[in-house]
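**Q** The file below is target.tsv, TSV, C-alpha atoms and all ligand atoms:
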chain	number	residue	atom	x	y	z
A	1	MET	CA	53.06	-25.53	4.06
A	2	ALA	CA	49.66	-27.29	3.89
A	3	SER	CA	49.65	-30.88	5.07
A	4	PRO	CA	49.60	-33.75	2.57
A	5	PHE	CA	46.26	-35.20	1.43
A	6	ARG	CA	45.08	-38.45	3.03
A	7	VAL	CA	45.18	-40.88	0.09
A	8	LEU	CA	43.53	-44.32	-0.20
A	9	GLN	CA	44.91	-46.61	-2.91
A	10	VAL	CA	42.25	-48.91	-4.40
A	11	GLY	CA	43.45	-51.57	-6.84
A	12	CYS	CA	46.95	-52.86	-6.15
A	13	GLY	CA	47.76	-54.73	-9.37
A	14	SER	CA	50.47	-54.11	-11.98
A	15	ILE	CA	49.93	-50.42	-12.73
A	16	SER	CA	49.73	-49.43	-9.05
A	17	SER	CA	53.48	-50.00	-8.93
A	18	ALA	CA	53.95	-47.08	-11.36
A	19	TRP	CA	51.57	-45.01	-9.22
A	20	LEU	CA	53.60	-45.73	-6.09
A	21	LYS	CA	56.81	-44.63	-7.82
A	22	ALA	CA	55.13	-41.43	-9.04
A	23	ALA	CA	53.59	-40.77	-5.61
A	24	ALA	CA	57.04	-40.91	-4.03
A	25	LEU	CA	57.87	-37.72	-5.98
A	26	PHE	CA	55.08	-35.81	-4.20
A	27	PRO	CA	55.63	-36.35	-0.45
A	28	ASP	CA	54.14	-32.90	0.31
A	29	ASP	CA	50.87	-33.88	-1.39
A	30	ILE	CA	50.43	-37.58	-0.61
A	31	SER	CA	50.14	-39.45	2.67
A	32	PHE	CA	48.81	-42.99	2.17
A	33	VAL	CA	46.14	-44.03	4.66
A	34	GLY	CA	45.25	-47.39	3.15
A	35	PHE	CA	45.57	-49.98	0.43
A	36	VAL	CA	42.62	-52.01	-0.87
A	37	ASP	CA	42.43	-54.85	-3.37
A	38	LEU	CA	40.20	-57.88	-3.89
A	39	SER	CA	43.42	-59.75	-3.09
A	40	LEU	CA	44.52	-58.97	0.47
A	41	GLU	CA	48.00	-60.17	-0.43
A	42	ALA	CA	48.25	-57.56	-3.23
A	43	ALA	CA	47.06	-54.79	-0.88
A	44	GLN	CA	49.56	-55.81	1.80
A	45	LYS	CA	52.39	-56.00	-0.73
A	46	ARG	CA	51.80	-52.42	-1.95
A	47	ALA	CA	51.36	-51.18	1.63
A	48	ALA	CA	54.73	-52.67	2.53
A	49	GLU	CA	56.36	-51.16	-0.56
A	50	SER	CA	54.94	-47.73	0.25
A	51	GLY	CA	56.92	-47.58	3.47
A	52	THR	CA	53.85	-46.09	5.16
A	53	THR	CA	53.46	-46.86	8.85
A	54	ALA	CA	50.32	-48.80	9.84
A	55	PRO	CA	48.04	-48.01	6.91
A	56	PHE	CA	44.70	-49.80	6.49
A	57	THR	CA	44.88	-52.89	4.30
A	58	GLY	CA	41.81	-54.82	3.19
A	59	THR	CA	39.54	-56.07	0.45
A	60	ASP	CA	36.43	-53.95	1.03
A	61	VAL	CA	36.28	-50.44	-0.46
A	62	ALA	CA	33.27	-49.31	1.62
A	63	LYS	CA	34.95	-50.36	4.85
A	64	ALA	CA	38.20	-48.66	3.84
A	65	LEU	CA	36.39	-45.41	3.00
A	66	ALA	CA	34.56	-45.45	6.34
A	67	GLU	CA	37.64	-46.28	8.41
A	68	THR	CA	40.29	-44.12	6.70
A	69	ARG	CA	38.17	-41.09	5.62
A	70	PRO	CA	40.46	-40.29	2.67
A	71	GLU	CA	40.54	-36.89	0.97
A	72	VAL	CA	41.74	-38.53	-2.24
A	73	VAL	CA	41.20	-42.00	-3.71
A	74	PHE	CA	43.48	-43.48	-6.36
A	75	ASP	CA	41.37	-45.89	-8.47
A	76	CYS	CA	43.68	-48.41	-10.16
A	77	THR	CA	41.12	-51.18	-10.45
A	78	VAL	CA	40.16	-52.96	-13.68
A	79	PRO	CA	37.90	-50.98	-16.06
A	80	ALA	CA	34.75	-52.93	-15.08
A	81	ALA	CA	35.15	-51.76	-11.46
A	82	HIS	CA	35.86	-48.06	-12.15
A	83	GLU	CA	32.28	-46.78	-11.87
A	84	ALA	CA	31.53	-48.58	-8.58
A	85	VAL	CA	34.84	-47.67	-6.92
A	86	THR	CA	35.00	-44.07	-8.15
A	87	CYS	CA	31.36	-43.28	-7.38
A	88	ALA	CA	31.68	-44.78	-3.87
A	89	ALA	CA	34.76	-42.62	-3.27
A	90	LEU	CA	33.07	-39.47	-4.59
A	91	ALA	CA	29.97	-40.17	-2.48
A	92	ALA	CA	32.24	-40.45	0.56
A	93	GLY	CA	33.53	-36.93	-0.20
A	94	ALA	CA	36.91	-37.84	-1.71
A	95	HIS	CA	38.47	-36.49	-4.89
A	96	VAL	CA	39.47	-39.26	-7.31
A	97	LEU	CA	42.38	-39.79	-9.64
A	98	GLY	CA	41.54	-42.90	-11.65
A	99	GLU	CA	43.03	-45.07	-14.33
A	100	LYS	CA	41.93	-45.00	-17.95
A	101	PRO	CA	39.57	-45.91	-19.48
A	102	MET	CA	37.22	-43.94	-17.25
A	103	ALA	CA	34.20	-46.08	-18.07
A	104	SER	CA	32.89	-48.87	-20.26
A	105	SER	CA	29.95	-46.93	-21.74
A	106	ILE	CA	28.88	-43.35	-22.47
A	107	ASP	CA	26.06	-43.60	-19.91
A	108	GLU	CA	28.48	-44.85	-17.26
A	109	ALA	CA	30.89	-41.98	-18.03
A	110	ARG	CA	28.09	-39.42	-17.83
A	111	ARG	CA	26.98	-40.83	-14.45
A	112	MET	CA	30.56	-40.65	-13.15
A	113	ILE	CA	31.03	-37.06	-14.35
A	114	ALA	CA	27.71	-36.07	-12.74
A	115	ALA	CA	28.77	-37.78	-9.49
A	116	ALA	CA	31.94	-35.64	-9.54
A	117	ALA	CA	30.07	-32.33	-9.79
A	118	LYS	CA	31.40	-31.16	-6.42
A	119	ARG	CA	34.72	-33.00	-6.42
A	120	HIS	CA	37.72	-33.37	-8.70
A	121	TYR	CA	37.79	-36.54	-10.76
A	122	ALA	CA	40.63	-36.86	-13.25
A	123	ILE	CA	42.03	-39.68	-15.39
A	124	THR	CA	45.65	-40.78	-15.71
A	125	GLN	CA	45.79	-40.37	-19.47
A	126	THR	CA	49.53	-40.67	-19.07
A	127	ARG	CA	50.72	-40.55	-22.66
A	128	ARG	CA	49.67	-36.89	-22.78
A	129	ALA	CA	52.47	-36.05	-20.35
A	130	HIS	CA	55.21	-36.63	-22.90
A	131	GLY	CA	57.88	-34.11	-23.91
A	132	SER	CA	57.89	-35.05	-27.62
A	133	LEU	CA	54.10	-35.02	-27.91
A	134	ARG	CA	54.04	-31.56	-26.32
A	135	ALA	CA	56.71	-30.32	-28.74
A	136	VAL	CA	54.72	-31.57	-31.74
A	137	ALA	CA	51.50	-30.08	-30.34
A	138	ALA	CA	53.29	-26.74	-29.82
A	139	ALA	CA	54.61	-26.82	-33.41
A	140	VAL	CA	51.09	-27.46	-34.74
A	141	ALA	CA	49.63	-24.70	-32.54
A	142	SER	CA	52.32	-22.25	-33.73
A	143	GLY	CA	51.13	-22.73	-37.32
A	144	ALA	CA	54.45	-24.31	-38.40
A	145	ILE	CA	52.67	-26.60	-40.88
A	146	GLY	CA	49.76	-24.25	-41.55
A	147	ARG	CA	46.21	-25.55	-41.42
A	148	LEU	CA	46.34	-29.14	-40.15
A	149	HIS	CA	44.29	-31.43	-42.39
A	150	THR	CA	45.74	-34.95	-42.00
A	151	ILE	CA	46.89	-36.90	-38.94
A	152	ASN	CA	48.13	-40.47	-39.33
A	153	ALA	CA	49.10	-42.75	-36.45
A	154	ASP	CA	50.48	-46.29	-36.70
A	155	PHE	CA	50.60	-48.55	-33.66
A	156	TYR	CA	52.12	-52.00	-34.06
A	157	MET	CA	53.13	-54.07	-31.01
A	158	GLY	CA	52.95	-57.73	-29.92
A	159	PRO	CA	52.67	-57.64	-26.10
A	160	HIS	CA	51.92	-60.86	-24.21
A	161	PHE	CA	50.28	-59.48	-21.06
A	162	GLY	CA	48.27	-62.46	-19.86
A	163	GLY	CA	45.48	-61.46	-17.44
A	164	PHE	CA	42.26	-59.55	-18.11
A	165	ARG	CA	43.32	-58.06	-21.44
A	166	GLU	CA	43.48	-61.42	-23.18
A	167	GLU	CA	39.85	-62.07	-22.24
A	168	MET	CA	38.22	-58.67	-22.76
A	169	ALA	CA	36.24	-57.60	-25.83
A	170	HIS	CA	37.54	-54.76	-28.09
A	171	VAL	CA	40.86	-55.02	-26.30
A	172	LEU	CA	42.95	-52.73	-28.52
A	173	LEU	CA	40.32	-50.00	-28.77
A	174	LEU	CA	39.30	-50.03	-25.10
A	175	ASP	CA	42.61	-50.65	-23.39
A	176	MET	CA	45.22	-49.01	-25.64
A	177	ALA	CA	43.80	-46.90	-28.47
A	178	ILE	CA	42.35	-44.45	-25.96
A	179	HIS	CA	45.93	-43.21	-25.40
A	180	SER	CA	46.50	-42.69	-29.13
A	181	PHE	CA	43.09	-41.08	-29.65
A	182	ASP	CA	43.75	-38.79	-26.69
A	183	GLN	CA	47.14	-37.90	-28.18
A	184	ALA	CA	45.45	-37.03	-31.49
A	185	ARG	CA	43.07	-34.69	-29.60
A	186	CYS	CA	46.07	-33.14	-27.86
A	187	LEU	CA	48.02	-32.69	-31.13
A	188	ALA	CA	45.08	-31.25	-33.07
A	189	ALA	CA	43.56	-29.37	-30.09
A	190	LYS	CA	40.22	-30.61	-31.47
A	191	ASN	CA	37.61	-33.23	-30.68
A	192	ALA	CA	36.41	-35.86	-33.12
A	193	THR	CA	32.95	-35.58	-34.66
A	194	HIS	CA	32.56	-38.84	-36.65
A	195	VAL	CA	34.27	-42.21	-37.07
A	196	TYR	CA	34.31	-45.22	-39.33
A	197	CYS	CA	36.14	-48.16	-37.77
A	198	HIS	CA	36.94	-51.70	-38.85
A	199	GLU	CA	38.00	-53.97	-35.99
A	200	TYR	CA	39.27	-57.55	-36.30
A	201	ASN	CA	41.14	-60.28	-34.49
A	202	PRO	CA	43.99	-61.42	-36.76
A	203	PRO	CA	44.93	-65.08	-37.32
A	204	GLY	CA	47.11	-66.34	-34.48
A	205	SER	CA	45.83	-63.69	-32.07
A	206	TRP	CA	46.40	-64.53	-28.41
A	207	PHE	CA	43.62	-62.09	-27.48
A	208	ARG	CA	39.99	-63.22	-27.41
A	209	HIS	CA	38.64	-60.23	-29.33
A	210	GLY	CA	39.57	-57.12	-31.31
A	211	ALA	CA	43.37	-57.08	-31.21
A	212	SER	CA	43.55	-54.98	-34.42
A	213	ALA	CA	41.63	-51.96	-35.69
A	214	MET	CA	41.69	-49.29	-38.37
A	215	ALA	CA	39.71	-46.14	-37.67
A	216	ILE	CA	39.12	-42.96	-39.67
A	217	PHE	CA	38.02	-39.99	-37.57
A	218	GLU	CA	36.70	-36.64	-38.78
A	219	MET	CA	37.89	-33.94	-36.40
A	220	GLU	CA	36.26	-30.57	-35.67
A	221	GLY	CA	37.38	-28.14	-38.37
A	222	GLY	CA	37.65	-30.88	-41.02
A	223	ALA	CA	41.01	-32.58	-40.33
A	224	VAL	CA	41.06	-36.37	-40.77
A	225	PHE	CA	42.75	-38.65	-38.22
A	226	ASN	CA	43.63	-42.09	-39.54
A	227	TYR	CA	44.59	-44.73	-36.93
A	228	ARG	CA	45.98	-48.16	-37.77
A	229	GLY	CA	46.79	-50.40	-34.83
A	230	SER	CA	47.46	-53.92	-33.65
A	231	TRP	CA	48.48	-55.74	-30.49
A	232	CYS	CA	49.24	-58.85	-32.53
A	233	ALA	CA	52.16	-57.58	-34.57
A	234	GLU	CA	55.30	-59.64	-33.96
A	235	GLY	CA	58.54	-58.38	-35.48
A	236	GLU	CA	59.47	-54.73	-36.03
A	237	ARG	CA	57.38	-52.54	-33.75
A	238	THR	CA	56.41	-48.92	-33.43
A	239	SER	CA	56.79	-46.96	-30.21
A	240	TRP	CA	54.03	-47.27	-27.57
A	241	GLU	CA	53.26	-43.65	-28.58
A	242	CYS	CA	52.62	-44.69	-32.25
A	243	GLY	CA	54.48	-43.32	-35.27
A	244	TRP	CA	52.90	-40.04	-36.45
A	245	ARG	CA	52.62	-37.95	-39.61
A	246	LEU	CA	50.79	-34.63	-39.46
A	247	ILE	CA	50.22	-32.65	-42.65
A	248	GLY	CA	49.08	-29.05	-42.97
A	249	ASP	CA	48.76	-26.75	-45.97
A	250	LYS	CA	52.35	-25.50	-45.45
A	251	GLY	CA	54.21	-28.72	-44.67
A	252	THR	CA	54.65	-31.92	-42.68
A	253	LEU	CA	55.61	-32.98	-39.17
A	254	GLN	CA	56.83	-36.51	-38.51
A	255	TRP	CA	57.27	-37.95	-35.03
A	256	ASP	CA	58.55	-41.49	-34.47
A	257	GLY	CA	56.83	-41.72	-31.09
A	258	ALA	CA	60.19	-41.40	-29.34
A	259	SER	CA	62.45	-38.34	-29.54
A	260	SER	CA	62.76	-37.80	-33.30
A	261	ILE	CA	60.57	-34.94	-34.55
A	262	GLN	CA	61.11	-33.69	-38.09
A	263	LEU	CA	59.52	-30.60	-39.61
A	264	SER	CA	59.71	-30.47	-43.40
A	265	LEU	CA	58.66	-27.37	-45.34
A	266	PRO	CA	58.87	-26.77	-49.10
A	267	SER	CA	61.33	-24.21	-50.43
A	268	ALA	CA	60.13	-21.43	-52.71
A	269	GLU	CA	61.50	-23.30	-55.77
A	270	GLU	CA	58.96	-24.42	-58.36
A	271	GLY	CA	58.96	-28.02	-59.61
A	272	PHE	CA	56.95	-31.22	-60.12
A	273	LEU	CA	57.87	-32.36	-56.62
A	274	ARG	CA	59.01	-29.28	-54.72
A	275	PRO	CA	62.28	-29.51	-52.84
A	276	PHE	CA	61.88	-29.22	-49.08
A	277	GLU	CA	64.02	-28.55	-46.07
A	278	THR	CA	63.88	-30.61	-42.91
A	279	THR	CA	64.62	-29.30	-39.45
A	280	THR	CA	64.69	-31.21	-36.19
A	281	ILE	CA	62.50	-30.12	-33.30
A	282	PRO	CA	63.73	-31.07	-29.82
A	283	PRO	CA	61.31	-32.65	-27.33
A	284	LEU	CA	60.23	-30.43	-24.44
A	285	ASP	CA	61.97	-31.27	-21.18
A	286	LEU	CA	59.10	-32.01	-18.77
A	287	GLY	CA	61.42	-33.56	-16.18
A	288	GLN	CA	60.65	-36.64	-14.10
A	289	LYS	CA	57.84	-34.89	-12.21
A	290	GLY	CA	56.21	-33.71	-15.44
A	291	SER	CA	56.22	-37.00	-17.37
A	292	GLY	CA	53.88	-40.00	-17.47
A	293	HIS	CA	51.97	-40.86	-14.29
A	294	ALA	CA	53.92	-38.26	-12.30
A	295	GLY	CA	52.98	-35.54	-14.80
A	296	ILE	CA	49.27	-36.29	-14.49
A	297	MET	CA	49.49	-36.73	-10.69
A	298	GLY	CA	51.31	-33.41	-10.25
A	299	ASP	CA	48.71	-31.61	-12.37
A	300	PHE	CA	45.90	-33.20	-10.30
A	301	PHE	CA	47.33	-32.11	-6.93
A	302	ARG	CA	48.14	-28.64	-8.30
A	303	ALA	CA	44.45	-28.30	-9.22
A	304	LEU	CA	43.41	-29.49	-5.73
A	305	ARG	CA	45.68	-26.89	-4.12
A	306	THR	CA	44.80	-23.99	-6.44
A	307	GLY	CA	41.16	-24.71	-7.24
A	308	GLY	CA	41.94	-25.08	-10.95
A	309	THR	CA	40.76	-27.88	-13.25
A	310	PRO	CA	43.13	-30.76	-14.05
A	311	GLU	CA	43.98	-31.08	-17.73
A	312	THR	CA	42.67	-34.65	-17.67
A	313	ALA	CA	39.51	-33.93	-15.65
A	314	ALA	CA	36.87	-36.53	-16.48
A	315	ALA	CA	34.69	-34.02	-18.33
A	316	ARG	CA	37.68	-33.12	-20.55
A	317	ASN	CA	38.79	-36.74	-20.95
A	318	PHE	CA	35.28	-37.65	-22.09
A	319	GLY	CA	36.20	-36.67	-25.68
A	320	SER	CA	38.84	-39.43	-25.81
A	321	LEU	CA	36.57	-42.08	-24.29
A	322	ALA	CA	33.81	-41.01	-26.70
A	323	MET	CA	36.18	-41.65	-29.64
A	324	VAL	CA	36.86	-45.17	-28.36
A	325	LEU	CA	33.25	-46.06	-27.71
A	326	ALA	CA	32.12	-44.58	-31.03
A	327	ALA	CA	34.83	-46.58	-32.82
A	328	VAL	CA	33.56	-49.75	-31.11
A	329	GLU	CA	30.01	-48.90	-32.14
A	330	SER	CA	31.05	-48.16	-35.72
A	331	ALA	CA	32.90	-51.49	-35.93
A	332	ARG	CA	29.81	-53.31	-34.65
A	333	ALA	CA	27.46	-51.52	-37.04
A	334	GLY	CA	29.83	-51.39	-40.02
A	335	GLN	CA	28.87	-47.73	-40.43
A	336	ARG	CA	30.22	-44.20	-40.06
A	337	ILE	CA	28.73	-42.82	-36.87
A	338	ALA	CA	28.75	-39.60	-34.84
A	339	VAL	CA	31.10	-39.36	-31.84
A	340	PRO	CA	28.89	-38.43	-28.86
A	341	ALA	CA	29.40	-35.08	-27.13
A	342	ILE	CA	29.24	-34.89	-23.37
B	401	LIG	N1	47.84	-45.23	-17.81
B	401	LIG	C1	48.53	-46.26	-18.26
B	401	LIG	O1	49.52	-46.11	-18.93
B	401	LIG	C2	48.08	-47.65	-17.89
B	401	LIG	C3	48.95	-48.73	-18.06
B	401	LIG	C4	48.49	-50.01	-17.66
B	401	LIG	C5	47.21	-50.17	-17.14
B	401	LIG	N2	46.38	-49.09	-17.04
B	401	LIG	C6	45.01	-49.24	-16.53
B	401	LIG	O2	45.08	-49.51	-15.14
B	401	LIG	C7	43.96	-50.32	-14.76
B	401	LIG	C8	44.48	-51.56	-14.01
B	401	LIG	O3	45.36	-52.27	-14.86
B	401	LIG	P1	46.44	-53.32	-14.27
B	401	LIG	O4	47.32	-53.66	-15.41
B	401	LIG	O5	47.05	-52.79	-13.02
B	401	LIG	O6	45.46	-54.55	-13.93
B	401	LIG	P2	45.69	-55.68	-12.83
B	401	LIG	O7	44.72	-56.75	-13.14
B	401	LIG	O8	47.14	-56.02	-12.71
B	401	LIG	O9	45.29	-54.94	-11.46
B	401	LIG	C9	43.98	-54.54	-11.16
B	401	LIG	C10	43.75	-54.79	-9.69
B	401	LIG	O10	42.47	-54.26	-9.32
B	401	LIG	C11	41.92	-55.14	-8.36
B	401	LIG	N3	40.47	-54.93	-8.31
B	401	LIG	C12	39.54	-55.20	-9.27
B	401	LIG	N4	38.31	-54.84	-8.84
B	401	LIG	C13	38.47	-54.31	-7.61
B	401	LIG	C14	37.57	-53.76	-6.66
B	401	LIG	N5	36.26	-53.67	-6.90
B	401	LIG	N6	38.07	-53.31	-5.48
B	401	LIG	C15	39.39	-53.40	-5.21
B	401	LIG	N7	40.31	-53.91	-6.09
B	401	LIG	C16	39.84	-54.36	-7.26
B	401	LIG	C17	42.31	-56.53	-8.84
B	401	LIG	O11	42.24	-57.47	-7.79
B	401	LIG	C18	43.73	-56.27	-9.32
B	401	LIG	O12	44.70	-56.52	-8.32
B	401	LIG	C19	43.19	-50.63	-16.05
B	401	LIG	O13	42.11	-49.74	-16.18
B	401	LIG	C20	44.23	-50.38	-17.13
B	401	LIG	O14	43.64	-50.01	-18.37
B	401	LIG	C21	46.81	-47.85	-17.40
Could you rewrite the structure in this file as structure tokens?

**A**
Amino acid sequence: MASPFRVLQVGCGSISSAWLKAAALFPDDISFVGFVDLSLEAAQKRAAESGTTAPFTGTDVAKALAETRPEVVFDCTVPAAHEAVTCAALAAGAHVLGEKPMASSIDEARRMIAAAAKRHYAITQTRRAHGSLRAVAAAVASGAIGRLHTINADFYMGPHFGGFREEMAHVLLLDMAIHSFDQARCLAAKNATHVYCHEYNPPGSWFRHGASAMAIFEMEGGAVFNYRGSWCAEGERTSWECGWRLIGDKGTLQWDGASSIQLSLPSAEEGFLRPFETTTIPPLDLGQKGSGHAGIMGDFFRALRTGGTPETAAARNFGSLAMVLAAVESARAGQRIAVPAI
């Protein structure tokens, strides 16, 4: 059995707790050599929780890279720090698994992908590793609803995070919608080509900017993806995965974003509104190691061991980031615009 990779954790805030739990499922792949955060206290806290003996703890990424010589860096910093941290790690010869969103601009993303030419750099686009999403994607791919032409997603939540999200611009699009846009790419197995987006901050918003957005995407092959979302929706909410309706020329799939997936197909009977039959599709069982952060982490280390490409490799994830940044640009310009290709 090959020895575990030497892993340096950079960014020890909220989400790093989920990373630590996922990492515990892969003891043959992960041996922590250090924990870094701008807050020494945060780094020390995660180091203690990891149960690792005598790892490096500190506030300086360059020093940590030099002293611990990691083979892999986990980048769980805030979005504004991703390029600096990830590029420093890649330049030091490490592979990187980093949090979404990869970058804050197309140019930044292109620089990061170029910097990873000789290393693996993948993104924890965690909502892809979801048994129900995979079951819906498989149903679409099998032709169950025929030629997919319409994808609708509704996202309505009222989370009170505090912290950086309440201050950042385009908060829904940049921090959350990337998951939903990535899920749409996964469901349709297509990239987006164009978008028109209207973004706004509703009355009473506790976010500084852009807590709500409506975006219409044209996908390769002609399907239309319609996203309606808000982080300022108190009362009845959708799932974090959105509520979905996918329509093809043979029928409809509905997914509530949890475990209910309904396939409805018309019967052969004629009529003004044709009768239809509904069947339930069970979610795929991905298991604990195949779901969420663990699912993406497992795929990343499998690729490192086998020489394959992670499903969420930065160059592949670019299509989801491009949808977000194009939606932001469309909202600014008030125009339909092209979604950039890599
Ligand atoms: N995949 C998911 O489901 C998911 C869920 C939540 C958050 N996230 C993403 O995870 C990232 C972090 O979010 P969070 O909620 O943990 O934020 P957070 O503010 O709780 O933690 C971020 C940490 O990074 C540290 N940091 C910032 N710049 C740094 C630098 N240059 N060097 C070292 N440490 C640095 C901060 O001190 C902080 O402790 C964001 O990109 C966010 O979008 C992803």

**Q** Out of A:Ala192, A:Ala91, A:Ala80, A:Ala341, which residue has the shortest atom-to-atom distance to ligand LIG 401 (chain B) when counting all atoms listed in the file?

**A**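 Of all the options, A:Ala80 lies closest to ligand LIG 401 (chain B).
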
**Q** With distances taken over all atoms listed in the file, which of A:Ile337, A:Ala294, A:Val33, A:Leu253 is nearest to ligand LIG 401 (chain B)?

**A**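 Closest to ligand LIG 401 (chain B), using all atoms listed in the file: A:Ala294.
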
**Q** Rank A:Phe181, A:Tyr156, A:Phe161, A:Tyr196 by their smallest atom-to-atom distance to Arg237 (chain A), using all atoms listed in the file, and report the top residue only.

**A**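 Nearest to Arg237 (chain A): A:Tyr156.
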
**Q** As a quick test: using all atoms listed in the file, which residues lie no more than 6 Å away from ligand LIG 401 (chain B)? Give them as a count of residues only.

**A** 23

**Q** To one decimal in Å, tell me the separation between CA of Val171 (chain A) and CA of Ser104 (chain A).

**A**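 It comes out at 11.7 Å.
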
**Q** Which residues, written as a PyMOL selection string, have at least one atom at most 6 Å from Pro310 (chain A), with all atoms listed in the file counted and residues fewer than 5 positions away on the same chain left out?

**A** chain A and resi 299-300+303

**Q** Any idea what the distance is between CA of Gly98 (chain A) and CA of His179 (chain A)?

**A**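 Atom-to-atom, CA of Gly98 (chain A) to CA of His179 (chain A), that is 14.4 Å.
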
**Q** Pick out the residues sitting within 8 Å of region 198-209 of chain A, and hand them over as a PyMOL selection string; count all atoms listed in the file, and ignore anything fewer than 3 positions along from it in its own chain.

**A** chain A and resi 160+165-171+212-215+232+328+330-331+334

**Q** Using the file's own x, y and z axes, so that the box edges lie along x, y and z, what centre and edge lengths in Å (one decimal) does a box around every listed atom of region 103-115 of chain A get when 3 Å is added on each side? Give it as AutoDock Vina command-line options.

**A**
--center_x 30.1 --center_y -42.5 --center_z -16.0 --size_x 14.1 --size_y 18.8 --size_z 19.0

**Q** Just give me the gap between CA of Ala94 (chain A) and CA of Ile178 (chain A) in Å, one decimal is fine.

**A**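 Between CA of Ala94 (chain A) and CA of Ile178 (chain A) the gap is 25.7 Å.
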
**Q** Env of Thr279 (chain A): 8 Å cut, atoms = all atoms listed in the file, seq-sep filter 3 positions within chain, self excluded. Answer as a PDB file with C-alpha atoms, in the coordinates of the input.

**A**
ATOM      1  CA  GLN A 262      61.110 -33.690 -38.090  1.00  0.00           C
ATOM      2  CA  LEU A 263      59.520 -30.600 -39.610  1.00  0.00           C
ATOM      3  CA  SER A 264      59.710 -30.470 -43.400  1.00  0.00           C
TER       4      SER A 264
END

**Q** Restricting the calculation to only C-alpha atoms: of A:Arg69, A:Arg185, A:Arg134, A:His194, which residue gets closest to Ser291 (chain A)?

**A**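 Looking only at the distances to Ser291 (chain A), the closest residue turns out to be A:Arg134.
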
**Q** For Gln44 (chain A), which of A:Leu187, A:Asp29, A:Phe56, A:Leu172 is the closest residue, counting all atoms listed in the file?

**A**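 Checking each of A:Leu187, A:Asp29, A:Phe56, A:Leu172 against Gln44 (chain A), counting all atoms listed in the file, the winner is A:Phe56.
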
**Q** Excluding Ala326 (chain A) and residues on its chain fewer than 5 positions from it, collect all residues at most 8 Å away from it, counting only C-alpha atoms, and give them as an MDAnalysis selection string.

**A** chainID A and resid 195 337:340

**Q** Find, counting only C-alpha atoms, the residue in A:Ala2, A:Val73, A:Val136, A:Leu65 that gets nearest to Asp28 (chain A).

**A**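 Closest residue, counting only C-alpha atoms: A:Ala2.
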
**Q** Compile the contact shell of region 287-289 of chain A as a list in words: residues with an atom at most 10 Å away, counting only C-alpha atoms, same-chain residues fewer than 2 positions apart removed.

**A**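 Everything that qualifies: Ala22, Ala23, Leu25, Phe26, Ala129, His130, Gly131, Leu284, Asp285, Ser291, Gly292, His293, Ala294, Gly295, Ile296, Met297, Gly298 and Asp299 of chain A.
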
**Q** Step by step: start from the point (49.7, -53.7, -35.9) in the file's coordinates, keep every protein, DNA or RNA residue that has an atom no farther than 8 Å from it, count only C-alpha atoms, and write the set as a PyMOL selection string.

**A** chain A and resi 154-158+212+228-233
